[in-house]
$ cat work.csv   # CSV, N, CA and C atoms
chain,number,residue,atom,x,y,z
A,1,MET,N,-41.3,-12.9,48.3
A,1,MET,CA,-40.8,-11.7,47.7
A,1,MET,C,-41.9,-11.2,46.7
A,2,MET,N,-42.2,-10.0,46.7
A,2,MET,CA,-43.3,-9.4,45.9
A,2,MET,C,-42.7,-8.8,44.7
A,3,ARG,N,-43.3,-8.9,43.6
A,3,ARG,CA,-42.9,-8.3,42.3
A,3,ARG,C,-43.5,-6.9,42.3
A,4,PRO,N,-42.7,-5.9,41.8
A,4,PRO,CA,-43.2,-4.5,41.7
A,4,PRO,C,-44.2,-4.4,40.6
A,5,SER,N,-45.2,-3.6,40.8
A,5,SER,CA,-46.2,-3.4,39.7
A,5,SER,C,-45.6,-2.6,38.6
A,6,LYS,N,-46.4,-2.6,37.5
A,6,LYS,CA,-45.9,-1.8,36.3
A,6,LYS,C,-45.7,-0.3,36.6
A,7,THR,N,-46.6,0.2,37.4
A,7,THR,CA,-46.5,1.6,37.6
A,7,THR,C,-45.2,1.9,38.5
A,8,GLU,N,-44.9,1.1,39.4
A,8,GLU,CA,-43.7,1.3,40.2
A,8,GLU,C,-42.4,1.2,39.3
A,9,LYS,N,-42.4,0.3,38.3
A,9,LYS,CA,-41.2,0.2,37.5
A,9,LYS,C,-41.0,1.4,36.6
A,10,SER,N,-42.1,1.9,36.1
A,10,SER,CA,-42.0,3.1,35.2
A,10,SER,C,-41.6,4.3,36.0
A,11,GLU,N,-41.9,4.4,37.3
A,11,GLU,CA,-41.6,5.6,38.1
A,11,GLU,C,-40.1,5.5,38.5
A,12,ARG,N,-39.6,4.3,38.6
A,12,ARG,CA,-38.2,4.2,39.0
A,12,ARG,C,-37.2,4.4,37.9
A,13,MET,N,-37.5,4.0,36.7
A,13,MET,CA,-36.6,4.0,35.5
A,13,MET,C,-37.1,4.9,34.4
A,14,PRO,N,-36.7,6.2,34.4
A,14,PRO,CA,-37.2,7.0,33.3
A,14,PRO,C,-36.5,6.7,32.0
A,15,LEU,N,-37.2,6.8,30.9
A,15,LEU,CA,-36.6,6.5,29.6
A,15,LEU,C,-35.7,7.6,29.2
A,16,PRO,N,-34.6,7.3,28.5
A,16,PRO,CA,-33.7,8.4,28.1
A,16,PRO,C,-34.3,9.1,26.9
A,17,SER,N,-33.9,10.3,26.7
A,17,SER,CA,-34.4,11.2,25.6
A,17,SER,C,-33.7,10.7,24.4
A,18,THR,N,-34.5,10.4,23.3
A,18,THR,CA,-34.0,9.9,22.1
A,18,THR,C,-33.2,10.9,21.3
A,19,SER,N,-33.5,12.2,21.4
A,19,SER,CA,-32.8,13.2,20.6
A,19,SER,C,-31.4,13.4,21.2
A,20,LYS,N,-31.3,13.3,22.6
A,20,LYS,CA,-30.0,13.5,23.2
A,20,LYS,C,-29.1,12.3,22.9
A,21,SER,N,-29.6,11.1,23.0
A,21,SER,CA,-28.7,9.9,22.7
A,21,SER,C,-28.3,9.9,21.2
A,22,PHE,N,-29.2,10.2,20.3
A,22,PHE,CA,-28.9,10.2,18.9
A,22,PHE,C,-27.8,11.2,18.6
A,23,ALA,N,-27.9,12.4,19.2
A,23,ALA,CA,-26.9,13.4,18.9
A,23,ALA,C,-25.5,13.0,19.4
A,24,ALA,N,-25.5,12.4,20.6
A,24,ALA,CA,-24.2,11.9,21.1
A,24,ALA,C,-23.6,10.8,20.2
A,25,TYR,N,-24.5,9.9,19.7
A,25,TYR,CA,-24.0,8.8,18.9
A,25,TYR,C,-23.5,9.4,17.5
A,26,SER,N,-24.2,10.3,17.0
A,26,SER,CA,-23.8,10.8,15.7
A,26,SER,C,-22.5,11.6,15.8
A,27,SER,N,-22.2,12.3,16.9
A,27,SER,CA,-21.0,13.0,17.0
A,27,SER,C,-19.8,12.0,17.2
A,28,ARG,N,-20.1,11.0,17.9
A,28,ARG,CA,-19.0,9.9,18.1
A,28,ARG,C,-18.7,9.3,16.7
A,29,GLN,N,-19.7,9.0,15.9
A,29,GLN,CA,-19.6,8.4,14.6
A,29,GLN,C,-18.8,9.3,13.7
A,30,GLU,N,-19.1,10.6,13.7
A,30,GLU,CA,-18.3,11.5,12.8
A,30,GLU,C,-16.8,11.5,13.2
A,31,SER,N,-16.5,11.4,14.5
A,31,SER,CA,-15.1,11.5,14.9
A,31,SER,C,-14.4,10.2,14.5
A,32,ARG,N,-15.1,9.1,14.4
A,32,ARG,CA,-14.5,7.8,13.9
A,32,ARG,C,-14.3,7.8,12.4
A,33,ASP,N,-15.2,8.4,11.7
A,33,ASP,CA,-15.1,8.4,10.2
A,33,ASP,C,-14.0,9.2,9.7
A,34,HIS,N,-13.7,10.3,10.3
A,34,HIS,CA,-12.7,11.2,9.8
A,34,HIS,C,-11.5,11.2,10.7
A,35,VAL,N,-10.5,10.5,10.3
A,35,VAL,CA,-9.2,10.4,11.1
A,35,VAL,C,-8.2,11.3,10.4
A,36,PRO,N,-7.8,12.4,11.0
A,36,PRO,CA,-6.9,13.3,10.3
A,36,PRO,C,-5.5,12.6,10.0
A,37,GLY,N,-5.1,12.8,8.8
A,37,GLY,CA,-3.8,12.3,8.4
A,37,GLY,C,-3.8,10.8,7.9
A,38,LEU,N,-5.0,10.2,7.8
A,38,LEU,CA,-5.1,8.8,7.4
A,38,LEU,C,-4.8,8.8,5.9
A,39,TRP,N,-3.8,8.0,5.5
A,39,TRP,CA,-3.4,7.9,4.1
A,39,TRP,C,-3.0,9.2,3.5
A,40,ASP,N,-2.2,10.0,4.2
A,40,ASP,CA,-1.8,11.3,3.7
A,40,ASP,C,-0.7,11.0,2.6
A,41,HIS,N,-0.1,12.1,2.1
A,41,HIS,CA,0.9,12.0,1.1
A,41,HIS,C,2.1,11.2,1.5
A,42,ARG,N,2.6,11.4,2.7
A,42,ARG,CA,3.8,10.7,3.1
A,42,ARG,C,3.6,9.2,3.2
A,43,ASP,N,2.4,8.8,3.6
A,43,ASP,CA,2.1,7.3,3.7
A,43,ASP,C,2.1,6.7,2.3
A,44,ARG,N,1.5,7.4,1.3
A,44,ARG,CA,1.5,6.9,0.0
A,44,ARG,C,2.9,6.8,-0.6
A,45,LEU,N,3.8,7.8,-0.3
A,45,LEU,CA,5.2,7.7,-0.8
A,45,LEU,C,5.9,6.6,-0.1
A,46,ILE,N,5.7,6.3,1.1
A,46,ILE,CA,6.4,5.2,1.8
A,46,ILE,C,5.9,3.9,1.2
A,47,ILE,N,4.6,3.7,0.9
A,47,ILE,CA,4.1,2.4,0.3
A,47,ILE,C,4.7,2.3,-1.1
A,48,LEU,N,4.8,3.3,-1.9
A,48,LEU,CA,5.3,3.3,-3.2
A,48,LEU,C,6.8,2.9,-3.2
A,49,ALA,N,7.5,3.5,-2.2
A,49,ALA,CA,9.0,3.2,-2.1
A,49,ALA,C,9.2,1.8,-1.7
A,50,LEU,N,8.4,1.3,-0.8
A,50,LEU,CA,8.6,-0.1,-0.4
A,50,LEU,C,8.2,-1.1,-1.5
A,51,THR,N,7.2,-0.8,-2.3
A,51,THR,CA,6.8,-1.6,-3.4
A,51,THR,C,7.9,-1.6,-4.5
A,52,LEU,N,8.5,-0.5,-4.8
A,52,LEU,CA,9.5,-0.4,-5.8
A,52,LEU,C,10.8,-1.2,-5.3
A,53,LEU,N,11.1,-1.0,-4.0
A,53,LEU,CA,12.3,-1.7,-3.4
A,53,LEU,C,12.0,-3.2,-3.5
A,54,CYS,N,10.9,-3.7,-3.2
A,54,CYS,CA,10.6,-5.1,-3.2
A,54,CYS,C,10.6,-5.6,-4.7
A,55,ALA,N,10.1,-4.9,-5.6
A,55,ALA,CA,10.2,-5.3,-7.0
A,55,ALA,C,11.6,-5.3,-7.5
A,56,PHE,N,12.4,-4.4,-7.1
A,56,PHE,CA,13.8,-4.4,-7.5
A,56,PHE,C,14.6,-5.6,-7.0
A,57,THR,N,14.4,-5.8,-5.7
A,57,THR,CA,15.1,-7.0,-5.1
A,57,THR,C,14.7,-8.3,-5.6
A,58,ARG,N,13.4,-8.4,-6.0
A,58,ARG,CA,12.9,-9.6,-6.6
A,58,ARG,C,13.4,-9.8,-8.1
A,59,LEU,N,13.4,-8.8,-8.8
A,59,LEU,CA,13.7,-8.9,-10.3
A,59,LEU,C,15.1,-8.6,-10.7
A,60,TYR,N,15.9,-8.1,-9.8
A,60,TYR,CA,17.3,-7.8,-10.1
A,60,TYR,C,18.1,-9.1,-10.4
A,61,ARG,N,18.6,-9.1,-11.6
A,61,ARG,CA,19.4,-10.3,-12.1
A,61,ARG,C,18.7,-11.6,-11.9
A,62,ILE,N,17.4,-11.6,-12.2
A,62,ILE,CA,16.6,-12.8,-12.0
A,62,ILE,C,17.0,-13.9,-13.0
A,63,GLY,N,17.5,-13.6,-14.2
A,63,GLY,CA,17.9,-14.6,-15.2
A,63,GLY,C,19.3,-15.1,-15.0
A,64,ARG,N,20.0,-14.7,-14.0
A,64,ARG,CA,21.4,-15.0,-13.8
A,64,ARG,C,21.6,-16.5,-13.6
A,65,ALA,N,20.8,-17.1,-12.7
A,65,ALA,CA,21.0,-18.5,-12.3
A,65,ALA,C,20.1,-19.3,-13.3
A,66,ASN,N,20.8,-20.2,-14.1
A,66,ASN,CA,20.1,-21.0,-15.0
A,66,ASN,C,19.9,-22.4,-14.6
A,67,LYS,N,20.1,-22.6,-13.3
A,67,LYS,CA,19.9,-23.9,-12.7
A,67,LYS,C,18.7,-23.8,-11.7
A,68,ALA,N,18.0,-24.9,-11.6
A,68,ALA,CA,16.8,-25.0,-10.7
A,68,ALA,C,17.3,-25.0,-9.3
A,69,GLN,N,16.8,-24.0,-8.5
A,69,GLN,CA,17.1,-23.9,-7.1
A,69,GLN,C,16.2,-24.9,-6.3
A,70,TRP,N,16.4,-25.0,-5.0
A,70,TRP,CA,15.7,-25.9,-4.1
A,70,TRP,C,14.2,-25.8,-4.3
A,71,ASP,N,13.7,-24.6,-4.1
A,71,ASP,CA,12.3,-24.3,-4.1
A,71,ASP,C,11.7,-24.6,-5.5
A,72,GLU,N,12.5,-24.2,-6.5
A,72,GLU,CA,12.0,-24.4,-7.9
A,72,GLU,C,12.0,-25.9,-8.2
A,73,SER,N,12.9,-26.6,-7.7
A,73,SER,CA,12.9,-28.1,-8.0
A,73,SER,C,11.8,-28.8,-7.3
A,74,HIS,N,11.5,-28.3,-6.1
A,74,HIS,CA,10.4,-29.0,-5.4
A,74,HIS,C,9.1,-28.7,-6.0
A,75,PHE,N,8.7,-27.5,-6.2
A,75,PHE,CA,7.4,-27.1,-6.7
A,75,PHE,C,7.3,-27.3,-8.2
A,76,GLY,N,8.4,-27.1,-8.9
A,76,GLY,CA,8.5,-27.3,-10.4
A,76,GLY,C,8.2,-28.8,-10.7
A,77,LYS,N,8.7,-29.7,-9.9
A,77,LYS,CA,8.5,-31.1,-10.2
A,77,LYS,C,7.0,-31.4,-10.1
A,78,PHE,N,6.4,-30.9,-9.0
A,78,PHE,CA,4.9,-31.1,-8.9
A,78,PHE,C,4.1,-30.5,-10.0
A,79,GLY,N,4.6,-29.3,-10.4
A,79,GLY,CA,3.9,-28.6,-11.5
A,79,GLY,C,4.0,-29.4,-12.8
A,80,ALA,N,5.2,-30.0,-13.0
A,80,ALA,CA,5.5,-30.8,-14.2
A,80,ALA,C,4.6,-32.1,-14.2
A,81,LEU,N,4.3,-32.6,-13.0
A,81,LEU,CA,3.4,-33.8,-13.0
A,81,LEU,C,2.0,-33.4,-13.4
A,82,TYR,N,1.6,-32.2,-13.0
A,82,TYR,CA,0.3,-31.8,-13.5
A,82,TYR,C,0.3,-31.4,-15.0
A,83,VAL,N,1.4,-30.9,-15.5
A,83,VAL,CA,1.5,-30.6,-17.0
A,83,VAL,C,1.4,-31.9,-17.7
A,84,ASN,N,2.0,-33.0,-17.2
A,84,ASN,CA,1.9,-34.3,-17.8
A,84,ASN,C,0.6,-35.1,-17.5
A,85,ARG,N,-0.3,-34.4,-16.8
A,85,ARG,CA,-1.5,-35.0,-16.4
A,85,ARG,C,-1.3,-36.3,-15.5
A,86,THR,N,-0.3,-36.3,-14.8
A,86,THR,CA,0.0,-37.3,-13.8
A,86,THR,C,-0.5,-36.8,-12.4
A,87,PHE,N,-1.6,-37.3,-12.0
A,87,PHE,CA,-2.2,-36.8,-10.8
A,87,PHE,C,-1.7,-37.6,-9.6
A,88,TYR,N,-1.5,-37.0,-8.5
A,88,TYR,CA,-0.9,-37.7,-7.3
A,88,TYR,C,-1.6,-37.2,-6.1
A,89,HIS,N,-1.4,-37.9,-5.0
A,89,HIS,CA,-2.0,-37.5,-3.7
A,89,HIS,C,-0.9,-36.7,-2.9
A,90,ASP,N,-1.3,-35.6,-2.4
A,90,ASP,CA,-0.4,-34.8,-1.6
A,90,ASP,C,-1.3,-34.3,-0.4
A,91,VAL,N,-0.6,-34.1,0.7
A,91,VAL,CA,-1.3,-33.6,1.9
A,91,VAL,C,-1.7,-32.2,1.8
A,92,HIS,N,-1.2,-31.4,0.9
A,92,HIS,CA,-1.5,-30.0,0.8
A,92,HIS,C,-2.5,-29.8,-0.3
A,93,PRO,N,-3.3,-28.8,-0.3
A,93,PRO,CA,-4.3,-28.5,-1.4
A,93,PRO,C,-3.5,-28.2,-2.7
A,94,PRO,N,-4.1,-28.5,-3.8
A,94,PRO,CA,-3.4,-28.4,-5.1
A,94,PRO,C,-3.4,-27.1,-5.7
A,95,ALA,N,-4.0,-26.1,-5.2
A,95,ALA,CA,-4.2,-24.8,-5.9
A,95,ALA,C,-2.8,-24.2,-6.2
A,96,ALA,N,-1.9,-24.1,-5.3
A,96,ALA,CA,-0.6,-23.5,-5.6
A,96,ALA,C,0.2,-24.3,-6.6
A,97,LYS,N,0.1,-25.6,-6.6
A,97,LYS,CA,0.8,-26.4,-7.5
A,97,LYS,C,0.2,-26.3,-8.9
A,98,LEU,N,-1.1,-26.1,-9.0
A,98,LEU,CA,-1.8,-25.9,-10.2
A,98,LEU,C,-1.4,-24.6,-10.8
A,99,LEU,N,-1.2,-23.5,-10.0
A,99,LEU,CA,-0.7,-22.3,-10.5
A,99,LEU,C,0.7,-22.4,-11.0
A,100,VAL,N,1.5,-23.2,-10.4
A,100,VAL,CA,2.9,-23.4,-10.8
A,100,VAL,C,2.8,-24.1,-12.2
A,101,ALA,N,2.0,-25.1,-12.3
A,101,ALA,CA,1.8,-25.8,-13.6
A,101,ALA,C,1.3,-24.8,-14.7
A,102,LEU,N,0.4,-23.9,-14.4
A,102,LEU,CA,0.0,-22.9,-15.4
A,102,LEU,C,1.2,-22.0,-15.8
A,103,SER,N,2.0,-21.6,-14.9
A,103,SER,CA,3.1,-20.8,-15.3
A,103,SER,C,4.1,-21.6,-16.1
A,104,GLU,N,4.3,-22.9,-15.8
A,104,GLU,CA,5.1,-23.7,-16.6
A,104,GLU,C,4.6,-23.8,-18.1
A,105,VAL,N,3.3,-24.0,-18.2
A,105,VAL,CA,2.7,-24.1,-19.6
A,105,VAL,C,2.9,-22.8,-20.3
A,106,LEU,N,2.6,-21.7,-19.6
A,106,LEU,CA,2.8,-20.4,-20.3
A,106,LEU,C,4.2,-20.1,-20.7
A,107,ALA,N,5.2,-20.7,-19.9
A,107,ALA,CA,6.6,-20.4,-20.2
A,107,ALA,C,7.1,-21.4,-21.3
A,108,GLY,N,6.3,-22.3,-21.7
A,108,GLY,CA,6.8,-23.2,-22.8
A,108,GLY,C,7.3,-24.6,-22.3
A,109,HIS,N,7.1,-24.9,-21.1
A,109,HIS,CA,7.5,-26.2,-20.5
A,109,HIS,C,6.6,-27.3,-20.9
A,110,ASN,N,7.1,-28.4,-21.4
A,110,ASN,CA,6.2,-29.5,-21.9
A,110,ASN,C,6.1,-30.6,-20.9
A,111,GLY,N,6.8,-30.5,-19.7
A,111,GLY,CA,6.7,-31.5,-18.7
A,111,GLY,C,7.8,-32.5,-18.7
A,112,THR,N,8.7,-32.4,-19.6
A,112,THR,CA,9.8,-33.4,-19.7
A,112,THR,C,11.0,-33.1,-18.8
A,113,PHE,N,11.1,-31.9,-18.4
A,113,PHE,CA,12.3,-31.5,-17.6
A,113,PHE,C,11.9,-31.8,-16.1
A,114,ASN,N,12.8,-32.5,-15.4
A,114,ASN,CA,12.5,-32.9,-14.0
A,114,ASN,C,13.0,-31.9,-13.0
A,115,PHE,N,13.4,-30.7,-13.4
A,115,PHE,CA,13.9,-29.7,-12.5
A,115,PHE,C,15.1,-30.1,-11.6
A,116,LYS,N,16.1,-30.8,-12.3
A,116,LYS,CA,17.3,-31.1,-11.7
A,116,LYS,C,18.4,-30.6,-12.7
A,117,GLY,N,19.3,-29.8,-12.2
A,117,GLY,CA,20.4,-29.3,-13.1
A,117,GLY,C,19.9,-28.0,-13.9
A,118,GLU,N,20.6,-27.8,-15.0
A,118,GLU,CA,20.3,-26.6,-15.8
A,118,GLU,C,19.0,-26.7,-16.6
A,119,TYR,N,18.3,-25.6,-16.8
A,119,TYR,CA,17.1,-25.5,-17.5
A,119,TYR,C,17.4,-25.8,-19.0
A,120,PRO,N,16.5,-26.5,-19.7
A,120,PRO,CA,16.7,-26.8,-21.1
A,120,PRO,C,16.4,-25.5,-21.9
A,121,PRO,N,16.9,-25.4,-23.1
A,121,PRO,CA,16.8,-24.1,-23.8
A,121,PRO,C,15.4,-23.7,-24.2
A,122,TYR,N,14.5,-24.7,-24.2
A,122,TYR,CA,13.1,-24.4,-24.6
A,122,TYR,C,12.3,-23.8,-23.5
A,123,VAL,N,12.8,-23.8,-22.3
A,123,VAL,CA,12.0,-23.3,-21.1
A,123,VAL,C,12.4,-21.9,-20.8
A,124,ASN,N,11.5,-21.0,-20.8
A,124,ASN,CA,11.7,-19.6,-20.4
A,124,ASN,C,11.7,-19.5,-18.9
A,125,TYR,N,12.8,-19.8,-18.2
A,125,TYR,CA,12.7,-19.9,-16.8
A,125,TYR,C,12.6,-18.5,-16.1
A,126,VAL,N,13.0,-17.5,-16.8
A,126,VAL,CA,12.8,-16.1,-16.3
A,126,VAL,C,11.4,-15.7,-16.2
A,127,PHE,N,10.6,-16.1,-17.2
A,127,PHE,CA,9.2,-15.8,-17.2
A,127,PHE,C,8.5,-16.7,-16.2
A,128,MET,N,8.9,-17.9,-16.1
A,128,MET,CA,8.3,-18.9,-15.2
A,128,MET,C,8.6,-18.5,-13.8

$ encode --input "work.csv" --output "C-alpha coordinates"
Amino acid sequence: MMRPSKTEKSERMPLPSTSKSFAAYSSRQESRDHVPGLWDHRDRLIILALTLLCAFTRLYRIGRANKAQWDESHFGKFGALYVNRTFYHDVHPPAAKLLVALSEVLAGHNGTFNFKGEYPPYVNYVFM
(Lines of atoms letter the chains of each structure in order from A and count residues from 1; the text may use other names and numbers.)
(Lines give C-alpha, C1' and ligand atoms only; values in the text may rest on other atoms or scores of the structure.)
Protein backbone atom coordinates (compact mmCIF):
# COMPACT_ATOMS: atom_id res chain seq x y z
CA MET A 1 0.00 0.00 0.00
CA MET A 2 1.39 3.36 -1.00
CA ARG A 3 1.19 6.43 1.14
CA PRO A 4 -0.20 9.57 -0.53
CA SER A 5 2.23 12.38 -1.02
CA LYS A 6 1.93 15.72 0.78
CA THR A 7 0.50 17.43 -2.27
CA GLU A 8 -2.26 14.83 -2.63
CA LYS A 9 -3.28 15.24 1.05
CA SER A 10 -3.58 19.01 0.81
CA GLU A 11 -5.66 18.75 -2.37
CA ARG A 12 -8.09 16.33 -0.77
CA MET A 13 -8.69 18.15 2.54
CA PRO A 14 -9.18 21.90 2.30
CA LEU A 15 -8.63 23.84 5.51
CA PRO A 16 -11.71 25.50 7.02
CA SER A 17 -11.97 29.25 7.00
CA THR A 18 -10.98 30.60 10.43
CA SER A 19 -13.30 33.62 10.30
CA LYS A 20 -16.33 31.46 9.57
CA SER A 21 -15.67 28.95 12.35
CA PHE A 22 -14.88 31.72 14.89
CA ALA A 23 -18.13 33.53 14.10
CA ALA A 24 -20.10 30.31 14.52
CA TYR A 25 -18.38 29.61 17.84
CA SER A 26 -18.89 33.11 19.22
CA SER A 27 -22.62 33.10 18.41
CA ARG A 28 -23.03 29.73 20.15
CA GLN A 29 -21.12 31.04 23.17
CA GLU A 30 -23.32 34.14 23.43
CA SER A 31 -26.46 32.00 23.43
CA ARG A 32 -25.08 29.90 26.30
CA ASP A 33 -24.04 32.89 28.40
CA HIS A 34 -27.40 34.63 28.33
CA VAL A 35 -30.24 32.37 29.41
CA PRO A 36 -33.48 34.33 29.53
CA GLY A 37 -35.24 34.13 32.89
CA LEU A 38 -32.30 32.67 34.81
CA TRP A 39 -32.63 33.80 38.44
CA ASP A 40 -35.51 36.08 37.74
CA HIS A 41 -37.64 37.72 40.43
CA ARG A 42 -39.91 34.71 40.93
CA ASP A 43 -36.98 32.35 41.53
CA ARG A 44 -35.52 34.63 44.17
CA LEU A 45 -38.88 34.85 45.95
CA ILE A 46 -39.22 31.06 45.97
CA ILE A 47 -35.72 30.63 47.44
CA LEU A 48 -36.42 33.27 50.09
CA ALA A 49 -39.76 31.65 51.00
CA LEU A 50 -38.18 28.20 51.32
CA THR A 51 -35.34 29.58 53.44
CA LEU A 52 -37.76 31.32 55.79
CA LEU A 53 -39.93 28.18 56.01
CA CYS A 54 -36.90 26.06 56.86
CA ALA A 55 -35.72 28.53 59.50
CA PHE A 56 -39.19 28.66 61.04
CA THR A 57 -39.59 24.89 61.23
CA ARG A 58 -36.11 24.53 62.74
CA LEU A 59 -36.35 27.31 65.32
CA TYR A 60 -40.04 27.13 66.31
CA ARG A 61 -40.23 26.18 70.00
CA ILE A 62 -36.63 25.00 69.98
CA GLY A 63 -36.28 25.50 73.73
CA ARG A 64 -39.35 23.46 74.64
CA ALA A 65 -37.61 20.10 75.14
CA ASN A 66 -35.13 20.35 77.99
CA LYS A 67 -34.04 16.72 77.70
CA ALA A 68 -31.34 15.41 75.43
CA GLN A 69 -32.80 13.67 72.41
CA TRP A 70 -31.22 10.67 70.68
CA ASP A 71 -29.05 12.57 68.24
CA GLU A 72 -28.02 15.10 70.87
CA SER A 73 -27.07 12.40 73.33
CA HIS A 74 -25.01 10.56 70.73
CA PHE A 75 -23.02 13.51 69.36
CA GLY A 76 -23.11 15.53 72.57
CA LYS A 77 -21.39 12.71 74.41
CA PHE A 78 -18.58 12.67 71.86
CA GLY A 79 -18.33 16.46 72.00
CA ALA A 80 -18.11 16.31 75.80
CA LEU A 81 -15.20 13.87 75.50
CA TYR A 82 -13.34 16.43 73.38
CA VAL A 83 -14.21 19.22 75.84
CA ASN A 84 -12.66 17.09 78.60
CA ARG A 85 -9.65 16.43 76.34
CA THR A 86 -10.39 12.72 76.37
CA PHE A 87 -9.45 11.64 72.89
CA TYR A 88 -10.74 8.37 71.49
CA HIS A 89 -10.65 6.42 68.27
CA ASP A 90 -13.69 6.52 66.01
CA VAL A 91 -14.22 5.23 62.50
CA HIS A 92 -15.52 8.63 61.35
CA PRO A 93 -13.44 11.77 60.85
CA PRO A 94 -13.46 14.07 63.90
CA ALA A 95 -14.38 17.39 62.23
CA ALA A 96 -18.13 17.23 62.96
CA LYS A 97 -17.60 16.14 66.56
CA LEU A 98 -15.03 18.90 67.07
CA LEU A 99 -17.61 21.42 65.85
CA VAL A 100 -20.11 19.97 68.33
CA ALA A 101 -17.48 20.35 71.07
CA LEU A 102 -16.95 23.99 70.01
CA SER A 103 -20.68 24.69 70.28
CA GLU A 104 -20.70 23.04 73.71
CA VAL A 105 -17.87 25.27 74.92
CA LEU A 106 -19.57 28.38 73.52
CA ALA A 107 -22.82 27.38 75.26
CA GLY A 108 -21.10 27.08 78.64
CA HIS A 109 -20.82 23.29 78.88
CA ASN A 110 -17.84 22.19 80.96
CA GLY A 111 -17.91 18.54 79.91
CA THR A 112 -19.45 17.07 83.07
CA PHE A 113 -22.94 16.44 81.65
CA ASN A 114 -23.17 13.04 79.94
CA PHE A 115 -26.23 13.95 77.80
CA LYS A 116 -28.68 11.62 79.52
CA GLY A 117 -31.82 13.11 80.99
CA GLU A 118 -32.48 16.83 81.55
CA TYR A 119 -29.92 19.48 80.77
CA PRO A 120 -28.27 21.08 83.81
CA PRO A 121 -29.08 24.75 84.44
CA TYR A 122 -25.61 25.97 83.46
CA VAL A 123 -25.90 24.64 79.87
CA ASN A 124 -27.57 26.92 77.34
CA TYR A 125 -29.01 24.04 75.29
CA VAL A 126 -31.01 26.38 73.04
CA PHE A 127 -27.80 28.05 71.88
CA MET A 128 -26.01 24.75 71.61

$ atom_distance --input "work.csv" --atom1 "atom N of Leu53 of chain A" --atom2 "atom N of Val126 of chain A"
21.0 Å

$ closest_residue --input "work.csv" --among "A:Phe127, A:His109, A:Phe115, A:His41" --to "Lys77 of chain A" --atoms "only C-alpha atoms"
A:Phe115

$ atom_distance --input "work.csv" --atom1 "atom CA of Ile47 of chain A" --atom2 "atom N of Ala96 of chain A"
27.7 Å

$ atom_distance --input "work.csv" --atom1 "atom CA of Tyr122 of chain A" --atom2 "atom C of Gly108 of chain A"
6.2 Å

$ select_by_dssp --input "work.csv" --residues "segment 65-101 of chain A" --states "alpha helix (DSSP H)" --output "NGL selection string"
:A and (70-83 or 95-101)

$ residues_near_point --input "work.csv" --point "(13.3, -28.9, -9.7)" --cutoff "10 Å" --atoms "only C-alpha atoms" --output "VMD selection string"
chain A and resid 67 to 80 113 to 119
